Structures are given as structure tokens and as C-alpha cells.
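A.B. asks: Quick one, final-v5.cif (mmCIF, C-alpha atoms and all ligand atoms):
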```
data_final
#
loop_
_atom_site.label_atom_id
_atom_site.label_comp_id
_atom_site.auth_asym_id
_atom_site.auth_seq_id
_atom_site.Cartn_x
_atom_site.Cartn_y
_atom_site.Cartn_z
CA MET U 27 0.00 0.00 0.00
CA THR U 28 1.17 3.52 -0.66
CA PRO U 29 2.40 5.22 2.50
CA GLY U 30 0.28 8.11 3.69
CA PHE U 31 -2.97 6.93 2.20
CA GLN U 32 -5.37 4.64 4.01
CA ALA U 33 -6.90 2.37 1.40
CA SER U 34 -10.55 1.51 1.93
CA LEU U 35 -10.74 -2.12 3.00
CA LEU U 36 -13.86 -2.86 0.98
CA ASP U 37 -12.24 -1.76 -2.21
CA VAL U 38 -8.89 -3.57 -2.29
CA ALA U 39 -10.03 -6.59 -4.29
CA ASP U 40 -11.73 -4.65 -7.09
CA GLU U 41 -10.22 -4.19 -10.53
CA PRO U 42 -10.13 -0.53 -11.48
CA ALA U 43 -13.05 0.37 -13.78
CA PRO U 44 -15.22 3.41 -14.37
CA GLY U 45 -18.89 3.02 -13.51
CA GLY U 46 -21.88 4.35 -15.44
CA LEU U 47 -22.51 8.04 -16.02
CA ASP U 48 -26.30 8.17 -15.66
CA ALA U 49 -26.13 9.54 -12.11
CA VAL U 50 -24.00 12.57 -13.00
CA ALA U 51 -25.50 15.69 -11.40
CA ARG U 52 -25.12 19.10 -13.03
CA ARG U 53 -24.78 22.38 -11.21
CA PRO U 54 -25.25 25.42 -13.43
CA LEU U 55 -22.96 28.37 -12.66
CA SER U 56 -23.20 31.96 -13.88
CA HIS U 57 -22.08 32.95 -17.42
CA ASP U 58 -23.29 29.58 -18.82
CA ALA U 59 -20.61 27.65 -17.00
CA TRP U 60 -21.46 24.39 -15.24
CA VAL U 61 -19.98 21.56 -13.20
CA ASP U 62 -21.00 17.91 -13.37
CA HIS U 63 -20.25 15.77 -10.32
CA LEU U 64 -20.33 12.03 -9.72
CA PRO U 65 -18.81 10.83 -6.44
CA GLY U 66 -17.40 7.30 -6.45
CA TRP U 67 -17.43 6.91 -10.22
CA PHE U 68 -14.47 4.51 -10.23
CA GLU U 69 -14.40 1.05 -8.73
CA GLY U 70 -11.03 -0.30 -7.68
CA ALA U 71 -9.82 3.20 -6.89
CA ASP U 72 -7.30 1.87 -4.34
CA GLU U 73 -5.56 -0.24 -6.92
CA MET U 74 -5.62 2.55 -9.48
CA PHE U 75 -4.14 5.00 -7.01
CA ALA U 76 -1.30 2.64 -6.03
CA HIS U 77 -0.67 1.81 -9.70
CA LEU U 78 -0.48 5.45 -10.81
CA VAL U 79 1.77 6.49 -7.93
CA ALA U 80 4.18 3.66 -8.72
CA GLU U 81 4.07 3.46 -12.52
CA VAL U 82 3.65 6.98 -13.90
CA PRO U 83 7.00 8.65 -14.77
CA TRP U 84 6.29 11.66 -12.55
CA HIS U 85 8.52 14.68 -12.90
CA ALA U 86 8.92 18.01 -11.20
CA GLU U 87 8.72 21.21 -13.23
CA ARG U 88 10.00 24.69 -12.67
CA ARG U 89 8.23 27.69 -14.10
CA GLU U 90 9.07 31.31 -14.55
CA MET U 91 6.95 33.56 -12.38
CA TYR U 92 7.10 37.31 -11.80
CA ASP U 93 9.61 36.84 -9.00
CA GLY U 94 11.94 34.29 -10.60
CA VAL U 95 11.88 30.59 -11.34
CA VAL U 96 9.86 28.53 -8.86
CA ASP U 97 9.05 24.84 -8.38
CA VAL U 98 5.60 23.87 -9.60
CA PRO U 99 4.02 22.59 -6.36
CA ARG U 100 3.00 19.15 -7.65
CA LEU U 101 4.47 16.41 -9.84
CA LEU U 102 3.24 16.08 -13.40
CA CYS U 103 2.98 13.78 -16.37
CA GLN U 104 1.26 14.70 -19.61
CA TYR U 105 -0.15 12.16 -22.11
CA ALA U 106 -0.67 13.63 -25.56
CA ALA U 107 -3.32 12.44 -28.03
CA GLY U 108 -2.41 8.89 -29.06
CA ASP U 109 -0.05 8.22 -26.14
CA PRO U 110 -0.96 4.99 -24.32
CA LEU U 111 -2.37 5.83 -20.89
CA PRO U 112 -0.78 4.33 -17.77
CA HIS U 113 -3.74 2.03 -17.01
CA PRO U 114 -6.28 0.46 -19.42
CA ALA U 115 -9.16 1.56 -17.18
CA LEU U 116 -8.19 5.16 -17.92
CA GLU U 117 -8.64 4.42 -21.63
CA SER U 118 -12.12 3.04 -20.82
CA ALA U 119 -12.86 6.11 -18.70
CA ARG U 120 -11.88 8.48 -21.50
CA ALA U 121 -13.95 6.54 -24.03
CA ALA U 122 -16.96 6.53 -21.68
CA LEU U 123 -16.68 10.29 -21.13
CA SER U 124 -16.28 10.94 -24.85
CA ALA U 125 -19.42 8.90 -25.58
CA HIS U 126 -21.46 10.46 -22.76
CA TYR U 127 -20.61 14.05 -23.75
CA ALA U 128 -20.39 13.52 -27.55
CA ASP U 129 -23.48 15.56 -28.47
CA GLU U 130 -22.73 18.43 -26.15
CA LEU U 131 -18.95 18.58 -26.68
CA GLY U 132 -18.90 17.73 -30.38
CA GLU U 133 -15.44 16.16 -30.15
CA PRO U 134 -13.75 13.48 -28.03
CA PHE U 135 -11.51 13.85 -25.00
CA VAL U 136 -8.02 13.04 -26.28
CA THR U 137 -5.30 14.11 -23.84
CA ALA U 138 -4.69 13.16 -20.22
CA GLY U 139 -2.84 15.38 -17.77
CA LEU U 140 -1.83 13.71 -14.53
CA CYS U 141 -0.92 15.56 -11.33
CA TYR U 142 0.48 14.08 -8.13
CA TYR U 143 -0.14 16.14 -5.00
CA ARG U 144 2.33 14.66 -2.50
CA ASP U 145 0.81 16.35 0.56
CA GLY U 146 -1.12 19.46 1.63
CA ARG U 147 1.70 21.75 0.47
CA ASP U 148 1.13 20.71 -3.12
CA SER U 149 -1.56 22.70 -4.87
CA VAL U 150 -2.69 24.43 -8.02
CA ALA U 151 -3.27 28.18 -7.92
CA TRP U 152 -6.33 29.96 -9.37
CA HIS U 153 -6.44 29.56 -13.14
CA GLY U 154 -8.64 28.57 -16.07
CA ASP U 155 -7.53 25.95 -18.58
CA ASN U 156 -7.75 28.72 -21.14
CA ILE U 157 -4.71 28.23 -23.33
CA GLY U 158 -5.95 27.21 -26.77
CA ARG U 159 -9.60 26.63 -27.47
CA GLY U 160 -10.79 27.31 -23.93
CA ARG U 161 -9.89 30.99 -24.30
CA HIS U 162 -12.72 31.80 -26.71
CA HIS U 163 -14.97 28.74 -26.91
CA ASP U 164 -16.96 26.51 -24.61
CA THR U 165 -15.17 23.28 -23.84
CA MET U 166 -14.92 20.62 -21.12
CA VAL U 167 -12.28 19.35 -18.72
CA ALA U 168 -13.08 16.07 -16.94
CA ILE U 169 -11.19 15.25 -13.73
CA VAL U 170 -11.01 11.88 -11.98
CA SER U 171 -9.44 11.90 -8.55
CA PHE U 172 -7.67 9.12 -6.63
CA GLY U 173 -6.26 9.07 -3.13
CA THR U 174 -6.67 11.64 -0.38
CA PRO U 175 -9.61 13.98 -0.96
CA ARG U 176 -8.70 17.59 -1.81
CA ARG U 177 -10.98 20.57 -2.35
CA LEU U 178 -11.48 21.86 -5.89
CA THR U 179 -12.64 25.45 -5.49
CA LEU U 180 -14.27 27.61 -8.18
CA ARG U 181 -14.80 31.35 -8.47
CA PRO U 182 -16.01 33.69 -11.19
CA LEU U 183 -12.91 35.36 -12.75
CA GLY U 184 -11.24 37.36 -10.00
CA GLY U 185 -14.26 36.98 -7.67
CA ARG U 186 -14.87 35.08 -4.46
CA THR U 187 -15.05 31.32 -4.09
CA GLU U 188 -18.62 30.31 -4.90
CA ALA U 189 -18.34 26.55 -5.30
CA ALA U 190 -16.18 23.79 -3.85
CA TYR U 191 -16.07 20.07 -4.50
CA PRO U 192 -14.43 17.56 -2.19
CA LEU U 193 -12.58 15.59 -4.84
CA GLY U 194 -12.59 12.17 -3.22
CA HIS U 195 -11.24 8.76 -4.10
CA GLY U 196 -12.71 7.71 -7.47
CA ASP U 197 -14.81 10.87 -7.90
CA LEU U 198 -15.54 12.56 -11.22
CA VAL U 199 -15.93 16.28 -11.82
CA VAL U 200 -16.47 17.79 -15.27
CA MET U 201 -16.18 21.54 -15.82
CA GLY U 202 -18.11 22.64 -18.89
CA GLY U 203 -19.72 25.47 -20.81
CA SER U 204 -17.75 28.70 -20.43
CA CYS U 205 -16.13 27.52 -17.17
CA GLN U 206 -12.51 27.76 -18.38
CA ARG U 207 -12.79 31.39 -19.50
CA THR U 208 -15.41 32.90 -17.17
CA TRP U 209 -14.46 31.04 -13.99
CA GLU U 210 -11.23 29.99 -12.32
CA HIS U 211 -10.49 26.86 -10.33
CA ALA U 212 -7.85 25.90 -7.79
CA VAL U 213 -6.78 23.12 -5.43
CA PRO U 214 -5.67 25.19 -2.43
CA LYS U 215 -2.87 24.25 -0.08
CA THR U 216 -3.96 22.96 3.30
CA ALA U 217 -2.14 23.06 6.64
CA ARG U 218 -3.94 19.89 7.80
CA PRO U 219 -2.01 16.63 7.64
CA THR U 220 -2.93 15.49 4.14
CA GLY U 221 -1.96 12.33 2.29
CA PRO U 222 -1.20 12.09 -1.41
CA ARG U 223 -3.68 12.56 -4.26
CA VAL U 224 -3.50 11.82 -7.98
CA SER U 225 -5.65 13.81 -10.42
CA VAL U 226 -6.33 12.70 -13.99
CA GLN U 227 -7.64 15.42 -16.31
CA PHE U 228 -9.08 14.52 -19.70
CA ARG U 229 -9.25 17.32 -22.25
CA PRO U 230 -10.25 17.65 -25.91
CA ARG U 231 -7.63 18.57 -28.49
CA ASN U 232 -6.08 22.02 -28.10
CA VAL U 233 -7.29 22.66 -24.54
CA PHE U 234 -4.61 23.23 -21.88
O1 LIG U 301 -5.94 18.67 -9.39
C1 LIG U 301 -6.91 18.86 -10.10
O2 LIG U 301 -7.83 18.05 -10.15
C2 LIG U 301 -6.99 20.10 -10.95
C3 LIG U 301 -5.77 20.34 -11.77
C4 LIG U 301 -5.95 21.48 -12.73
O3 LIG U 301 -6.78 22.31 -12.58
C5 LIG U 301 -5.09 21.56 -13.91
O4 LIG U 301 -4.09 20.83 -13.99
O5 LIG U 301 -5.39 22.37 -14.80
FE FE U 302 -7.10 23.43 -14.38
#
```
Starting from the file, lay out its structure as C-alpha cells.
C.D. replies:
Amino acid sequence: MTPGFQASLLDVADEPAPGGLDAVARRPLSHDAWVDHLPGWFEGADEMFAHLVAEVPWHAERREMYDGVVDVPRLLCQYAAGDPLPHPALESARAALSAHYADELGEPFVTAGLCYYRDGRDSVAWHGDNIGRGRHHDTMVAIVSFGTPRRLTLRPLGGRTEAAYPLGHGDLVVMGGSCQRTWEHAVPKTARPTGPRVSVQFRPRNVF
């Protein structure tokens, strides 16, 4: 078992697999943005979490900020369109999401961005995934979470936090409509003792 994360005893025997999407619940936000939420979408989340922590070639990144070059506070691994994903159940998940949202999205999810939040000091600051298509057009970003729950917070551009989702083990959240250009999202740092979390983000072509 991965240190720092207490696997759920009921779940250890299950093969990782996404469940159905019928129970997804949509919350409309202002500016024609919305968030879909489905807690516990994945079965076998313990095994998937352990697999991703161990098998993904995680790397640290450094980025230029206003005040110099700083460490990105999480580990990363990006899978481009056509790259084999690190677990077959993630391929099934992406196909299931592409089928479920086909009419509304008009194109499939093709890339997968993986983030590894080692503890509560790892985070992602307020931003929209608005490089590329998300800057001017509606799009979707689907996130599946494994490991220790972390809060995904959302605010209208530059405003106050108006929505928060506890991204738990195996949970699905999909941000859609204008969400990437009219709202921002973040996974804030927390001072509480916090175990590791892996986030898998599926995006259509040309959304970053
Ligand atoms: O950790 C998450 O689920 C969100 C990550 C995120 O917003 C991003 O990588 O663009
Ligand atoms: Fe994001």
C-alpha cells in the first residue's frame, strides 16, 4: 500500500473500472458555466491509485513567475493524443466520457494530464484551462481523482469562491460550458495533515 494513504478495506479486491454516467448531477454556474459531479465513479480506486503512484513517470517542473523561477508545487505527467495511458481503465474512462458528452462537446476527450499532490503543500493556484480553445470557446475538462480527498474550489474570474467540491477517491468532476474562460479553479494548499492525491484530467484537443 502507498504510505500516507489509508486504502478503503472494501475496495482492495476490485479491478479498477469506471462506472456508469447516468447519475452525473449538473450544477449550473453563472455565465453559462457548469460543473457535473459524480462521487465514487471509479471502482477499484485503491488499486488505481497505487498503480499510478508507482508506474507513472512523474517529474517536477520549474516555471518562470514574476519573481523568478519557482518549483511547480505538484508532480506532473502529460499524455498527448495517441499516447498509451498508464492504465487500461483510464482508456475506458476516457472513451466513456467521450461517448457520454459527444453531443454536447462535439469532439472526443483526447489528452490526459496527470498531477500528483504529495501532501497538503502541493496545490494548483487559481487559473482557467484557457490556453488554446478554452480561451474563446466553450469546452470541457473532466477530472477523476484518486487518493486523499482535496478541495477543488471555483470562483467567477477574480471573484470570491462560490463553489467547492471535495474531490474524493474515485470521484468525477467535469467543468463545462464557459467555465474555463469565465471562472477559475484551484486546489488550495492545506495546513492539515494530508496524504497524497493523484488527479487525472481529460481534455479535448487544443485545450490546456
Ligand atoms: O488537481 C486537479 O484536479 C486540478 C488540476 C488542474 O486544474 C489543472 O491541472 O489544470
Ligand atoms: Fe485546471
A.B. asks: Which residue is closest to Glu133 (chain U)? Choose from U:Val82, U:Leu178, U:Met166, U:Leu116 and count all atoms listed in the file.
C.D. replies: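 Of all the options, U:Met166 lies closest to Glu133 (chain U).
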A.B. asks: CA of Gly158 (chain U) to CA of Phe234 (chain U): how many Å, to one decimal?
C.D. replies: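 Going from CA of Gly158 (chain U) over to CA of Phe234 (chain U), I get 6.4 Å.
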A.B. asks: Kindly work out which residues sit at most 10 Å from ligand LIG 301 (chain U), using only C-alpha atoms and all ligand atoms, and give the list as a VMD selection string.
C.D. replies: chain U and resid 100 102 104 138 to 143 148 to 156 167 to 172 176 to 179 193 198 to 199 201 206 210 to 214 223 to 229 233 to 234
A.B. asks: Could you give me, as a ChimeraX atom specification, the residues that sit within 9 Å of (-2.3, 14.4, -27.7) in the file's coordinates, counting all atoms listed in the file?
C.D. replies: /U:104-109,136-138,230-232
A.B. asks: Could you state the separation of CA of Trp60 (chain U) and CA of Gly184 (chain U) in Å, given to one decimal place?
C.D. replies: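 Atom-to-atom, CA of Trp60 (chain U) to CA of Gly184 (chain U), that is 17.3 Å.
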A.B. asks: Can you work out the spacing between CA of Lys215 (chain U) and CA of Asp145 (chain U) in Å, to one decimal?
C.D. replies: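 For CA of Lys215 (chain U) relative to CA of Asp145 (chain U), the distance reads 8.7 Å.
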A.B. asks: Do you know which residues are at most 12 Å from Gly46 (chain U) counting only C-alpha atoms, after dropping those on the same chain fewer than 3 positions away, and could you put them as a list in words?
C.D. replies: Ala43, Ala49, Val50, Leu64, Pro65, Gly66, Trp67, Phe68, Glu69, Ser118, Ala119, Ala121, Ala122, Leu123, Ala125, His126 and Leu198 of chain U
A.B. asks: Under the rule that all atoms listed in the file are counted, which of U:Ala217, U:Val98, U:Leu180, U:Ala189 is the nearest residue to ligand FE 302 (chain U)?
C.D. replies: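 Among the listed residues, U:Leu180 lies closest to ligand FE 302 (chain U).
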A.B. asks: With all atoms listed in the file as the atoms that count, which of U:Gly160, U:Pro112, U:Pro134, U:Pro42 lies nearest to ligand FE 302 (chain U)?
C.D. replies: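 Closest to ligand FE 302 (chain U) of all the choices is U:Gly160.
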A.B. asks: From the list U:Leu78, U:Ala59, U:Leu131, U:Met91, which residue is nearest Leu111 (chain U) when using all atoms listed in the file?
C.D. replies: U:Leu78
A.B. asks: Identify the residues around (-22.0, 32.7, -19.5) within a radius of 8 Å, measuring from all atoms listed in the file in the coordinates stated by the file, and give them as a compact mmCIF listing (two decimals) with C-alpha atoms, in the frame of the given file.
C.D. replies:
```txt
# COMPACT_ATOMS: atom_id res chain seq x y z
CA SER U 56 -23.20 31.96 -13.88
CA HIS U 57 -22.08 32.95 -17.42
CA ASP U 58 -23.29 29.58 -18.82
CA ALA U 59 -20.61 27.65 -17.00
CA GLY U 203 -19.72 25.47 -20.81
CA SER U 204 -17.75 28.70 -20.43
CA THR U 208 -15.41 32.90 -17.17
```
A.B. asks: Please list as a list in words every residue within 7 Å of Val61 (chain U), counting all atoms listed in the file and excluding residues in the same chain fewer than 2 positions away.
C.D. replies: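 Contacts, in chain order: Arg52, Arg53, Pro54, His63, Val199, Val200, Met201 and Gly202 of chain U.
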A.B. asks: U:Ala33, U:Asp129, U:Arg144, U:Asp197: which is nearest Thr220 (chain U), counting only C-alpha atoms?
C.D. replies: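 Closest to Thr220 (chain U), using only C-alpha atoms: U:Arg144.
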A.B. asks: Missing atoms in region 74-109 of chain U: can you complete it with N, CA and C atoms, as a PDB file, in the frame of the given file?
C.D. replies:
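Output (rebuild_29.pdb):
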```
ATOM      1  N   MET U  74      -6.014   1.535  -8.492  1.00  0.00           N
ATOM      2  CA  MET U  74      -5.620   2.550  -9.480  1.00  0.00           C
ATOM      3  C   MET U  74      -4.676   3.564  -8.870  1.00  0.00           C
ATOM      4  N   PHE U  75      -4.996   4.008  -7.669  1.00  0.00           N
ATOM      5  CA  PHE U  75      -4.140   5.000  -7.010  1.00  0.00           C
ATOM      6  C   PHE U  75      -2.723   4.449  -6.830  1.00  0.00           C
ATOM      7  N   ALA U  76      -2.623   3.247  -6.273  1.00  0.00           N
ATOM      8  CA  ALA U  76      -1.300   2.640  -6.030  1.00  0.00           C
ATOM      9  C   ALA U  76      -0.557   2.459  -7.355  1.00  0.00           C
ATOM     10  N   HIS U  77      -1.282   2.039  -8.381  1.00  0.00           N
ATOM     11  CA  HIS U  77      -0.670   1.810  -9.700  1.00  0.00           C
ATOM     12  C   HIS U  77      -0.113   3.121 -10.274  1.00  0.00           C
ATOM     13  N   LEU U  78      -0.917   4.176 -10.212  1.00  0.00           N
ATOM     14  CA  LEU U  78      -0.480   5.450 -10.810  1.00  0.00           C
ATOM     15  C   LEU U  78       0.701   6.040 -10.049  1.00  0.00           C
ATOM     16  N   VAL U  79       0.653   5.970  -8.721  1.00  0.00           N
ATOM     17  CA  VAL U  79       1.770   6.490  -7.930  1.00  0.00           C
ATOM     18  C   VAL U  79       3.059   5.775  -8.320  1.00  0.00           C
ATOM     19  N   ALA U  80       2.968   4.465  -8.484  1.00  0.00           N
ATOM     20  CA  ALA U  80       4.180   3.660  -8.720  1.00  0.00           C
ATOM     21  C   ALA U  80       4.641   3.688 -10.176  1.00  0.00           C
ATOM     22  N   GLU U  81       3.718   3.720 -11.117  1.00  0.00           N
ATOM     23  CA  GLU U  81       4.070   3.460 -12.520  1.00  0.00           C
ATOM     24  C   GLU U  81       4.222   4.696 -13.405  1.00  0.00           C
ATOM     25  N   VAL U  82       3.582   5.790 -13.034  1.00  0.00           N
ATOM     26  CA  VAL U  82       3.650   6.980 -13.900  1.00  0.00           C
ATOM     27  C   VAL U  82       5.040   7.622 -13.748  1.00  0.00           C
ATOM     28  N   PRO U  83       5.689   7.977 -14.859  1.00  0.00           N
ATOM     29  CA  PRO U  83       7.000   8.650 -14.770  1.00  0.00           C
ATOM     30  C   PRO U  83       6.857  10.119 -14.348  1.00  0.00           C
ATOM     31  N   TRP U  84       6.542  10.320 -13.081  1.00  0.00           N
ATOM     32  CA  TRP U  84       6.290  11.660 -12.550  1.00  0.00           C
ATOM     33  C   TRP U  84       7.552  12.511 -12.661  1.00  0.00           C
ATOM     34  N   HIS U  85       7.378  13.774 -12.950  1.00  0.00           N
ATOM     35  CA  HIS U  85       8.520  14.680 -12.900  1.00  0.00           C
ATOM     36  C   HIS U  85       8.122  16.021 -12.313  1.00  0.00           C
ATOM     37  N   ALA U  86       9.134  16.661 -11.730  1.00  0.00           N
ATOM     38  CA  ALA U  86       8.920  18.010 -11.200  1.00  0.00           C
ATOM     39  C   ALA U  86       9.137  19.004 -12.334  1.00  0.00           C
ATOM     40  N   GLU U  87       8.476  20.148 -12.250  1.00  0.00           N
ATOM     41  CA  GLU U  87       8.720  21.210 -13.230  1.00  0.00           C
ATOM     42  C   GLU U  87       9.042  22.501 -12.506  1.00  0.00           C
ATOM     43  N   ARG U  88       9.762  23.346 -13.189  1.00  0.00           N
ATOM     44  CA  ARG U  88      10.000  24.690 -12.670  1.00  0.00           C
ATOM     45  C   ARG U  88       9.448  25.677 -13.682  1.00  0.00           C
ATOM     46  N   ARG U  89       8.825  26.727 -13.177  1.00  0.00           N
ATOM     47  CA  ARG U  89       8.230  27.690 -14.100  1.00  0.00           C
ATOM     48  C   ARG U  89       8.642  29.103 -13.745  1.00  0.00           C
ATOM     49  N   GLU U  90       8.739  29.913 -14.793  1.00  0.00           N
ATOM     50  CA  GLU U  90       9.070  31.310 -14.550  1.00  0.00           C
ATOM     51  C   GLU U  90       7.860  32.062 -14.057  1.00  0.00           C
ATOM     52  N   MET U  91       8.023  32.726 -12.926  1.00  0.00           N
ATOM     53  CA  MET U  91       6.950  33.560 -12.380  1.00  0.00           C
ATOM     54  C   MET U  91       7.503  34.984 -12.321  1.00  0.00           C
ATOM     55  N   TYR U  92       6.665  35.899 -11.860  1.00  0.00           N
ATOM     56  CA  TYR U  92       7.100  37.310 -11.800  1.00  0.00           C
ATOM     57  C   TYR U  92       8.390  37.460 -11.006  1.00  0.00           C
ATOM     58  N   ASP U  93       8.493  36.634  -9.935  1.00  0.00           N
ATOM     59  CA  ASP U  93       9.610  36.840  -9.000  1.00  0.00           C
ATOM     60  C   ASP U  93      10.688  35.761  -9.169  1.00  0.00           C
ATOM     61  N   GLY U  94      10.868  35.258 -10.372  1.00  0.00           N
ATOM     62  CA  GLY U  94      11.940  34.290 -10.600  1.00  0.00           C
ATOM     63  C   GLY U  94      11.401  32.935 -10.980  1.00  0.00           C
ATOM     64  N   VAL U  95      12.281  31.936 -10.953  1.00  0.00           N
ATOM     65  CA  VAL U  95      11.880  30.590 -11.340  1.00  0.00           C
ATOM     66  C   VAL U  95      11.509  29.811 -10.073  1.00  0.00           C
ATOM     67  N   VAL U  96      10.324  29.229 -10.067  1.00  0.00           N
ATOM     68  CA  VAL U  96       9.860  28.530  -8.860  1.00  0.00           C
ATOM     69  C   VAL U  96       9.472  27.086  -9.214  1.00  0.00           C
ATOM     70  N   ASP U  97       9.516  26.216  -8.204  1.00  0.00           N
ATOM     71  CA  ASP U  97       9.050  24.840  -8.380  1.00  0.00           C
ATOM     72  C   ASP U  97       7.543  24.838  -8.541  1.00  0.00           C
ATOM     73  N   VAL U  98       7.044  24.108  -9.514  1.00  0.00           N
ATOM     74  CA  VAL U  98       5.600  23.870  -9.600  1.00  0.00           C
ATOM     75  C   VAL U  98       5.236  22.952  -8.425  1.00  0.00           C
ATOM     76  N   PRO U  99       4.267  23.342  -7.598  1.00  0.00           N
ATOM     77  CA  PRO U  99       4.020  22.590  -6.360  1.00  0.00           C
ATOM     78  C   PRO U  99       3.174  21.328  -6.564  1.00  0.00           C
ATOM     79  N   ARG U 100       3.611  20.456  -7.431  1.00  0.00           N
ATOM     80  CA  ARG U 100       3.000  19.150  -7.650  1.00  0.00           C
ATOM     81  C   ARG U 100       3.843  18.444  -8.703  1.00  0.00           C
ATOM     82  N   LEU U 101       3.759  17.123  -8.779  1.00  0.00           N
ATOM     83  CA  LEU U 101       4.470  16.410  -9.840  1.00  0.00           C
ATOM     84  C   LEU U 101       3.512  16.221 -11.007  1.00  0.00           C
ATOM     85  N   LEU U 102       4.075  16.061 -12.200  1.00  0.00           N
ATOM     86  CA  LEU U 102       3.240  16.080 -13.400  1.00  0.00           C
ATOM     87  C   LEU U 102       3.623  14.973 -14.365  1.00  0.00           C
ATOM     88  N   CYS U 103       2.693  14.616 -15.219  1.00  0.00           N
ATOM     89  CA  CYS U 103       2.980  13.780 -16.370  1.00  0.00           C
ATOM     90  C   CYS U 103       1.867  13.997 -17.383  1.00  0.00           C
ATOM     91  N   GLN U 104       2.242  14.363 -18.582  1.00  0.00           N
ATOM     92  CA  GLN U 104       1.260  14.700 -19.610  1.00  0.00           C
ATOM     93  C   GLN U 104       1.217  13.612 -20.673  1.00  0.00           C
ATOM     94  N   TYR U 105       0.030  13.132 -21.027  1.00  0.00           N
ATOM     95  CA  TYR U 105      -0.150  12.160 -22.110  1.00  0.00           C
ATOM     96  C   TYR U 105      -0.841  12.853 -23.266  1.00  0.00           C
ATOM     97  N   ALA U 106      -0.125  12.968 -24.380  1.00  0.00           N
ATOM     98  CA  ALA U 106      -0.670  13.630 -25.560  1.00  0.00           C
ATOM     99  C   ALA U 106      -1.652  12.692 -26.268  1.00  0.00           C
ATOM    100  N   ALA U 107      -2.406  13.246 -27.228  1.00  0.00           N
ATOM    101  CA  ALA U 107      -3.320  12.440 -28.030  1.00  0.00           C
ATOM    102  C   ALA U 107      -2.550  11.264 -28.622  1.00  0.00           C
ATOM    103  N   GLY U 108      -3.060  10.066 -28.474  1.00  0.00           N
ATOM    104  CA  GLY U 108      -2.410   8.890 -29.060  1.00  0.00           C
ATOM    105  C   GLY U 108      -1.419   8.201 -28.132  1.00  0.00           C
ATOM    106  N   ASP U 109      -0.944   8.878 -27.096  1.00  0.00           N
ATOM    107  CA  ASP U 109      -0.050   8.220 -26.140  1.00  0.00           C
ATOM    108  C   ASP U 109      -0.832   7.168 -25.355  1.00  0.00           C
TER     109      ASP U 109
END
```
